[in-house]
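For reference, the structure is listed below as C-alpha cells.
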Amino acid sequence: MCGRRSTGFAGFTHECAGAGELRFGAFCLAPDERYLPGEFWKMNYQESIEYLDSLGRFGIRLGMERIKQLLFVLGHPENQIKTVHVAGTNGKGSVTSMIASILLEAGLRVGKFTSPHLVRYNERIQLDEKEISDEDFAEVLTTVRDFADGLVRKGACEQPTQFEILTAAAFHYFAEKRVDYAVIEVGLGGLWDSTNLIKPVVSVITNIALDHTKVLGSTVEEIALQKAGIIKEKVPVVTGAAGKALAPIQVISTVKQAPLYEYGYSFKGTEISSSMDGQRFLLQAGTNYASEYEIQLPGEHQIANASIAIVAAKIVSKQDPRITEEHLHRGVANTRWPGRLEKISGSPDVILDGAHNPDGAEALRKALDKYYPSAGRFFVFGMMGDKSVDEVIKILFRPTDTVFTVRADDGPRAAEAADLAARVGHQAVPVGDVGEAFAMACNKAGSHGLVCVCGSLYLVGTFKETLMK
C-alpha cells in the first residue's frame, strides 16, 4: 500500500512500499485499490457511442502512460490472453482477418480487434467472427469508462483517447470471454501504439510504405523503425517488408533475438489463377513445404497477405497442435474482408476499395488494369485532406476515366469535393452527395462499365451507411 499518496501538486512527497504497486509519476496505485466512481451509472448502447464520439476531439496523442495505467487498474486483461500482433502500412486488416479465420477453423475461441470501422464501432471488436453485441459493447465501455474516469479524477493521468478506450475495452472483453487467441491489429505505427503492451505468440509486419508521415516519419526507414517497435524478445516475426524498409526490421529482430521470416526469401506465394471472384496460388516455404491455396480476395497483394497469414498461423501451430494444415487452407479460403477490392454487384460491376495512400492506390490500379483492362471506369472518389492526394490521383486515374469527387465524410479532415475535382482535372465532376455521385456513375457506366468507390475507408463507410439507409 502507499505510505502517502500525492495528486502531483507542488510540495507533496510520495512514498510507495509493497510488491505489485505501480508508479505513475507522483501517483501510486496498488492492485487492490482499483477505483470506481461513487456515482456509477451504466450506459446504454447509444450513450456508449456518444461517449466514444466525444473522445474523438482528443485526436492522436502518442505515448503509453495512459493505456498502461488503464490496463493496470483493469487487472491487466492483455496478459490473460494469447495474442497475435499485426502491424503494417497496408494489408494488416486482411492479414488479421485471415489469421483469425484460420484459428476459428481449428475450433478455437477467437477475438479480433481491428480499426477503423466502416459503419459501426462494433465491427472493431469481434468474437468468433461476430461483432460484439450492442449490449456487451455498452457494458464493456461502461466498465472501461468508469476506470478511466477514476484515474483522471485521482490525477493519475490525462483523459485516455478514443482509441485507448477501445483498445482497453477489447482486451477486457476478450479476457472476460476467455478467448484462446486474440488477433490484434495495430492502430497507428507500432512502437507507441496502444496495442503494444502485449507479448504475442507471433508478431506480423505486413509491408511498409509512406503514410502518416507527420507522425511516423518522412522516410520508409523511419516508418519501418516505428512498426518494428512491436517486435518482442525471442518472439517470431513474419514480414512482407522489402527494400529499404526491411533493414530496420532485420536489425531490431537481431537485437531482440526474434526469428525473422521474410516474404520473398523465407517463403513466397506464386499466382496460379486470378479473377475478381478469387485466386489460386502456390505457397512455398523453405525447401520442404509447397502447397496450393485458394482465396476469395482478388488482387496480387492479397496473395502476399495470405502467405503472410498462413506462415504466422503455422508458427502458432508449432505450440498448438489443434491447428492443422486443413485449417490453414479452409481459413484463408473462407476469409472475406469488406472495403478492399470488394465487389458488391454486377451490371455494372461495383467495387469498393479503401485505398488511401500511394501504396494502396498502386495495388488498386494494378487490380483494375488486370481485371478490367478495357472497361470504362467511373469513380466515386473522396479522400482525407491530410493524405498524399496528388500522388494517389496520379497513380489511380487514366485520362479516359470519369471521376465524381465527394467529401469522404462529415469530419474536418475530409477534402472538399471541389478541391479534389480541381486536383484531378478536366475529367472530374464535384458532387455534393455520395448517393447522387454513385447514381451518376452507374448511369454513365451502363451495364458493361465499372464503378469504383474509393479513396478512403471513411468514404466506403459513408457509402455503405447510405446504402443501408
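Residues in the C-alpha cells are named by chain (A, B, ... in the order shown) and by number from 1 within that chain; ligands are numbered from 1 in the order shown.
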
Query - Test item: residues at most 8 Å from A:Ala224, only C-alpha atoms, excluding those fewer than 4 positions along its chain, as a list in words - result: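 Skipping anything fewer than 4 positions along the chain leaves Ile208, Val220, Ala228, Ala245, Leu246, Pro248 and Ile249 of chain A.
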
Query raised in the report: Near stretch 231-238 of chain A, counting only C-alpha atoms, which residues have an atom at most 8 Å away, once you skip same-chain residues fewer than 6 positions from it, shown as a PyMOL selection string?
Result: chain A and resi 199-206+252-253+256-263+308+311-312+315

N, CA, C and O atoms of the current selection, written as a CSV table (one decimal), in the first residue's frame:
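Output (out-v1.csv):
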```
chain,number,residue,atom,x,y,z
A,199,LYS,N,2.6,-9.3,-25.3
A,199,LYS,CA,3.7,-10.2,-25.8
A,199,LYS,C,3.1,-11.3,-26.5
A,199,LYS,O,2.6,-12.3,-25.9
A,200,PRO,N,3.0,-11.2,-27.9
A,200,PRO,CA,2.3,-12.1,-28.6
A,200,PRO,C,3.0,-13.4,-28.9
A,200,PRO,O,4.2,-13.6,-28.6
A,201,VAL,N,2.3,-14.4,-29.4
A,201,VAL,CA,2.9,-15.6,-29.9
A,201,VAL,C,3.7,-15.4,-31.1
A,201,VAL,O,4.8,-16.0,-31.3
A,202,VAL,N,3.3,-14.5,-32.0
A,202,VAL,CA,4.0,-14.2,-33.2
A,202,VAL,C,3.6,-12.7,-33.5
A,202,VAL,O,2.5,-12.3,-33.3
A,203,SER,N,4.6,-12.0,-34.0
A,203,SER,CA,4.4,-10.6,-34.5
A,203,SER,C,4.4,-10.6,-36.0
A,203,SER,O,5.2,-11.3,-36.6
A,204,VAL,N,3.6,-9.8,-36.6
A,204,VAL,CA,3.5,-9.7,-38.1
A,204,VAL,C,3.6,-8.2,-38.5
A,204,VAL,O,2.9,-7.3,-37.9
A,205,ILE,N,4.4,-8.0,-39.5
A,205,ILE,CA,4.5,-6.6,-40.1
A,205,ILE,C,4.3,-6.8,-41.6
A,205,ILE,O,5.2,-7.4,-42.3
A,206,THR,N,3.1,-6.4,-42.1
A,206,THR,CA,2.8,-6.8,-43.4
A,206,THR,C,3.7,-6.2,-44.5
A,206,THR,O,4.4,-6.8,-45.2
A,252,ILE,N,16.3,-4.9,-35.7
A,252,ILE,CA,15.6,-5.0,-34.4
A,252,ILE,C,15.3,-6.5,-34.1
A,252,ILE,O,15.4,-6.9,-32.9
A,253,SER,N,15.0,-7.3,-35.1
A,253,SER,CA,14.8,-8.7,-34.9
A,253,SER,C,16.1,-9.4,-34.3
A,253,SER,O,16.1,-10.2,-33.4
A,256,LYS,N,16.7,-8.3,-30.7
A,256,LYS,CA,15.7,-8.9,-29.8
A,256,LYS,C,15.7,-10.4,-29.9
A,256,LYS,O,15.0,-11.1,-29.2
A,257,GLN,N,16.7,-11.0,-30.7
A,257,GLN,CA,16.8,-12.4,-30.9
A,257,GLN,C,15.4,-13.0,-31.3
A,257,GLN,O,15.0,-14.1,-30.8
A,258,ALA,N,14.8,-12.3,-32.2
A,258,ALA,CA,13.4,-12.8,-32.6
A,258,ALA,C,13.6,-13.4,-34.0
A,258,ALA,O,14.0,-12.7,-35.0
A,259,PRO,N,13.3,-14.7,-34.2
A,259,PRO,CA,13.4,-15.3,-35.5
A,259,PRO,C,12.6,-14.5,-36.6
A,259,PRO,O,11.4,-14.2,-36.3
A,260,LEU,N,13.2,-14.3,-37.7
A,260,LEU,CA,12.5,-13.5,-38.7
A,260,LEU,C,12.2,-14.3,-40.0
A,260,LEU,O,13.1,-14.9,-40.5
A,261,TYR,N,11.0,-14.2,-40.5
A,261,TYR,CA,10.5,-14.9,-41.7
A,261,TYR,C,10.2,-13.8,-42.7
A,261,TYR,O,9.2,-13.1,-42.5
A,262,GLU,N,10.9,-13.7,-43.8
A,262,GLU,CA,10.7,-12.7,-44.8
A,262,GLU,C,10.0,-13.2,-46.0
A,262,GLU,O,10.4,-14.2,-46.6
A,263,TYR,N,9.0,-12.5,-46.4
A,263,TYR,CA,8.3,-12.8,-47.7
A,263,TYR,C,9.2,-12.5,-48.9
A,263,TYR,O,9.9,-11.5,-48.9
A,308,ILE,N,1.5,-14.5,-45.8
A,308,ILE,CA,2.0,-14.0,-44.5
A,308,ILE,C,1.1,-14.5,-43.4
A,308,ILE,O,1.6,-15.0,-42.4
A,311,VAL,N,1.8,-18.3,-42.8
A,311,VAL,CA,3.1,-18.6,-42.1
A,311,VAL,C,2.9,-18.2,-40.7
A,311,VAL,O,3.4,-18.9,-39.8
A,312,ALA,N,2.3,-17.1,-40.4
A,312,ALA,CA,2.1,-16.7,-39.0
A,312,ALA,C,1.3,-17.7,-38.2
A,312,ALA,O,1.6,-18.1,-37.1
A,315,ILE,N,3.3,-20.8,-37.5
A,315,ILE,CA,4.1,-20.6,-36.3
A,315,ILE,C,3.3,-20.8,-35.0
A,315,ILE,O,3.8,-21.5,-34.1
```

Query raised in the report: With only C-alpha atoms as the basis for distance, which of A:Lys244, A:His327, A:Lys227, A:Arg66 is at the shortest distance from A:Thr161?
Result: A:Arg66

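Distance check against A:Glu65 using only C-alpha atoms: of A:Leu197, A:Val179, A:Ile99, A:Phe171, the minimum falls on A:Leu197.
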
Query raised in the report: For the atom pair atom CA of A:Val406 and atom CA of A:Thr89, what is the interatomic distance in Å to one decimal place?
Result: 24.6 Å

Requested in this report: For A:Ala168, please output as a VMD selection string all residues within 10 Å (counting only C-alpha atoms; exclusion window: fewer than 6 positions along the same chain).
Outcome: chain A and resid 67 to 68 70 to 71 74 76 to 78 140 to 141 143 to 145 148 174 194 to 195

Report task. Report as a VMD selection string: the residues of stretch 296-388 of chain A with a DSSP assignment of helix (DSSP H, G or I), based on the backbone of this structure. Result -> chain A and resid 300 to 317 325 to 333 358 to 371

Query - Test item: residues at most 10 Å from A:Ser447, only C-alpha atoms, excluding those fewer than 6 positions along its chain, as a list in words - result: Gly346, Ser347, Pro348 and Asp349 of chain A

Now that the selection is made, can you save its residues with C-alpha atoms as a PDB file, in the first residue's frame?
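Output saved as result_3.pdb:
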```pdb
ATOM      1  CA  GLY A 346     -22.730  -6.512 -61.291  1.00  0.00           C
ATOM      2  CA  SER A 347     -24.112  -4.805 -64.436  1.00  0.00           C
ATOM      3  CA  PRO A 348     -22.271  -2.591 -63.843  1.00  0.00           C
ATOM      4  CA  ASP A 349     -19.672  -4.133 -61.560  1.00  0.00           C
TER       5      ASP A 349
END
```

Can you list, as a CSV table (one decimal) with N, CA, C and O atoms, in the first residue's frame, every protein, DNA or RNA residue that comes within 10 Å of A:Lys444 when you count only C-alpha atoms, leaving out same-chain residues fewer than 2 positions away?
```
chain,number,residue,atom,x,y,z
A,348,PRO,N,-23.7,-2.5,-63.7
A,348,PRO,CA,-22.3,-2.6,-63.8
A,348,PRO,C,-21.7,-3.2,-62.6
A,348,PRO,O,-22.3,-3.2,-61.5
A,376,GLY,N,-14.9,0.8,-69.4
A,376,GLY,CA,-15.0,2.2,-69.0
A,376,GLY,C,-15.0,2.3,-67.4
A,376,GLY,O,-15.7,1.5,-66.8
A,377,ARG,N,-14.2,3.2,-66.9
A,377,ARG,CA,-14.1,3.3,-65.4
A,377,ARG,C,-14.7,4.6,-64.9
A,377,ARG,O,-14.3,5.7,-65.4
A,378,PHE,N,-15.6,4.5,-63.9
A,378,PHE,CA,-16.3,5.6,-63.4
A,378,PHE,C,-16.1,5.6,-61.9
A,378,PHE,O,-16.6,4.7,-61.2
A,402,THR,N,-13.7,8.8,-65.8
A,402,THR,CA,-14.5,9.8,-65.3
A,402,THR,C,-14.6,9.7,-63.7
A,402,THR,O,-14.8,8.6,-63.2
A,438,PHE,N,-22.9,8.3,-56.8
A,438,PHE,CA,-23.0,6.9,-57.2
A,438,PHE,C,-24.0,6.7,-58.3
A,438,PHE,O,-23.8,5.9,-59.3
A,439,ALA,N,-25.2,7.3,-58.2
A,439,ALA,CA,-26.2,7.2,-59.2
A,439,ALA,C,-25.7,7.7,-60.6
A,439,ALA,O,-25.9,7.1,-61.6
A,440,MET,N,-25.0,8.8,-60.5
A,440,MET,CA,-24.4,9.4,-61.8
A,440,MET,C,-23.4,8.4,-62.4
A,440,MET,O,-23.4,8.2,-63.6
A,441,ALA,N,-22.5,7.8,-61.5
A,441,ALA,CA,-21.5,6.9,-62.0
A,441,ALA,C,-22.2,5.7,-62.6
A,441,ALA,O,-21.7,5.2,-63.7
A,442,CYS,N,-23.2,5.1,-62.0
A,442,CYS,CA,-23.8,3.9,-62.5
A,442,CYS,C,-24.5,4.2,-63.8
A,442,CYS,O,-24.5,3.4,-64.8
A,446,GLY,N,-23.4,2.3,-67.4
A,446,GLY,CA,-24.3,1.3,-68.1
A,446,GLY,C,-24.1,-0.1,-67.6
A,446,GLY,O,-23.6,-0.3,-66.4
A,447,SER,N,-24.3,-1.1,-68.4
A,447,SER,CA,-24.2,-2.5,-67.9
A,447,SER,C,-22.8,-3.1,-68.0
A,447,SER,O,-22.5,-4.1,-67.4
A,449,GLY,N,-19.8,-1.1,-67.9
A,449,GLY,CA,-18.7,-0.4,-67.3
A,449,GLY,C,-18.4,-0.8,-65.9
A,449,GLY,O,-18.9,-1.8,-65.3
A,450,LEU,N,-17.5,-0.1,-65.3
A,450,LEU,CA,-17.1,-0.4,-63.9
A,450,LEU,C,-17.2,0.9,-63.0
A,450,LEU,O,-16.8,2.0,-63.4
A,451,VAL,N,-17.9,0.7,-61.9
A,451,VAL,CA,-18.0,1.8,-60.9
A,451,VAL,C,-17.1,1.5,-59.7
A,451,VAL,O,-17.3,0.4,-59.1
```

Requested in this report: Fewer than 4 positions away in the same chain doesn't count, so skip those; otherwise give me all residues within 6 Å of A:Gly111, counting only C-alpha atoms, as a list in words.
Outcome: Gln126, Leu127 and Ala182 of chain A

For A:His426: contacts at 12 Å, only C-alpha atoms, fewer than 4 positions along chain excluded, given as a compact mmCIF listing (two decimals) with N, CA, C and O atoms, in the first residue's frame:
```txt
# COMPACT_ATOMS: atom_id res chain seq x y z
N PHE A 397 -5.83 7.26 -61.70
CA PHE A 397 -6.73 7.56 -62.81
C PHE A 397 -6.04 7.61 -64.17
O PHE A 397 -4.95 8.18 -64.29
N ARG A 398 -6.71 7.03 -65.15
CA ARG A 398 -6.29 7.15 -66.54
C ARG A 398 -6.94 8.41 -67.14
O ARG A 398 -7.98 8.87 -66.63
N PRO A 399 -6.40 8.95 -68.23
CA PRO A 399 -7.00 10.14 -68.85
C PRO A 399 -8.44 9.92 -69.32
O PRO A 399 -9.22 10.87 -69.40
N THR A 400 -8.79 8.66 -69.60
CA THR A 400 -10.13 8.36 -70.11
C THR A 400 -11.16 8.11 -69.01
O THR A 400 -12.35 7.93 -69.30
N ASP A 401 -10.73 8.06 -67.76
CA ASP A 401 -11.65 7.78 -66.65
C ASP A 401 -12.49 9.01 -66.30
O ASP A 401 -12.06 10.15 -66.48
N THR A 402 -13.69 8.75 -65.79
CA THR A 402 -14.55 9.82 -65.26
C THR A 402 -14.57 9.72 -63.75
O THR A 402 -14.76 8.63 -63.19
N VAL A 403 -14.37 10.86 -63.07
CA VAL A 403 -14.23 10.86 -61.60
C VAL A 403 -15.27 11.81 -61.00
O VAL A 403 -15.26 13.02 -61.29
N PHE A 404 -16.16 11.28 -60.18
CA PHE A 404 -17.11 12.09 -59.43
C PHE A 404 -16.54 12.26 -58.02
O PHE A 404 -16.44 11.29 -57.27
N THR A 405 -16.14 13.47 -57.68
CA THR A 405 -15.50 13.70 -56.38
C THR A 405 -16.53 14.08 -55.33
O THR A 405 -17.51 14.78 -55.62
N LEU A 420 -10.91 18.46 -54.61
CA LEU A 420 -10.47 17.21 -55.23
C LEU A 420 -10.66 17.25 -56.74
O LEU A 420 -9.78 16.83 -57.51
N ALA A 421 -11.79 17.79 -57.19
CA ALA A 421 -12.05 17.87 -58.63
C ALA A 421 -11.01 18.74 -59.33
O ALA A 421 -10.52 18.39 -60.42
N ALA A 422 -10.65 19.85 -58.71
CA ALA A 422 -9.64 20.73 -59.30
C ALA A 422 -8.30 20.03 -59.41
O ALA A 422 -7.55 20.24 -60.39
N PRO A 430 -17.33 17.61 -59.36
CA PRO A 430 -17.64 17.61 -57.93
C PRO A 430 -19.13 17.41 -57.69
O PRO A 430 -19.96 17.98 -58.40
```

Query raised in the report: Using only C-alpha atoms, which of A:Val95, A:Ile310, A:Val392, A:Val434 sits nearest A:Lys268?
Result: A:Ile310

Report task. Within stretch 303-462 of chain A, find each residue whose DSSP state, derived from the backbone, is strand (DSSP E), and express the selection as a list in words. Result -> Glu342, Lys343, Ile344, Ser345, Asp349, Val350, Ile351, Leu352, Asp353, Arg377, Phe378, Phe379, Val380, Phe381, Thr402, Val403, Phe404, Thr405, Ala428, Val429, Pro430, Leu450, Val451, Cys452, Val453 and Cys454 of chain A

Query raised in the report: Which one is closest to A:Val152: A:Ile395, A:Gly435, A:Met276, A:Gln69? Count only C-alpha atoms.
Result: A:Gln69
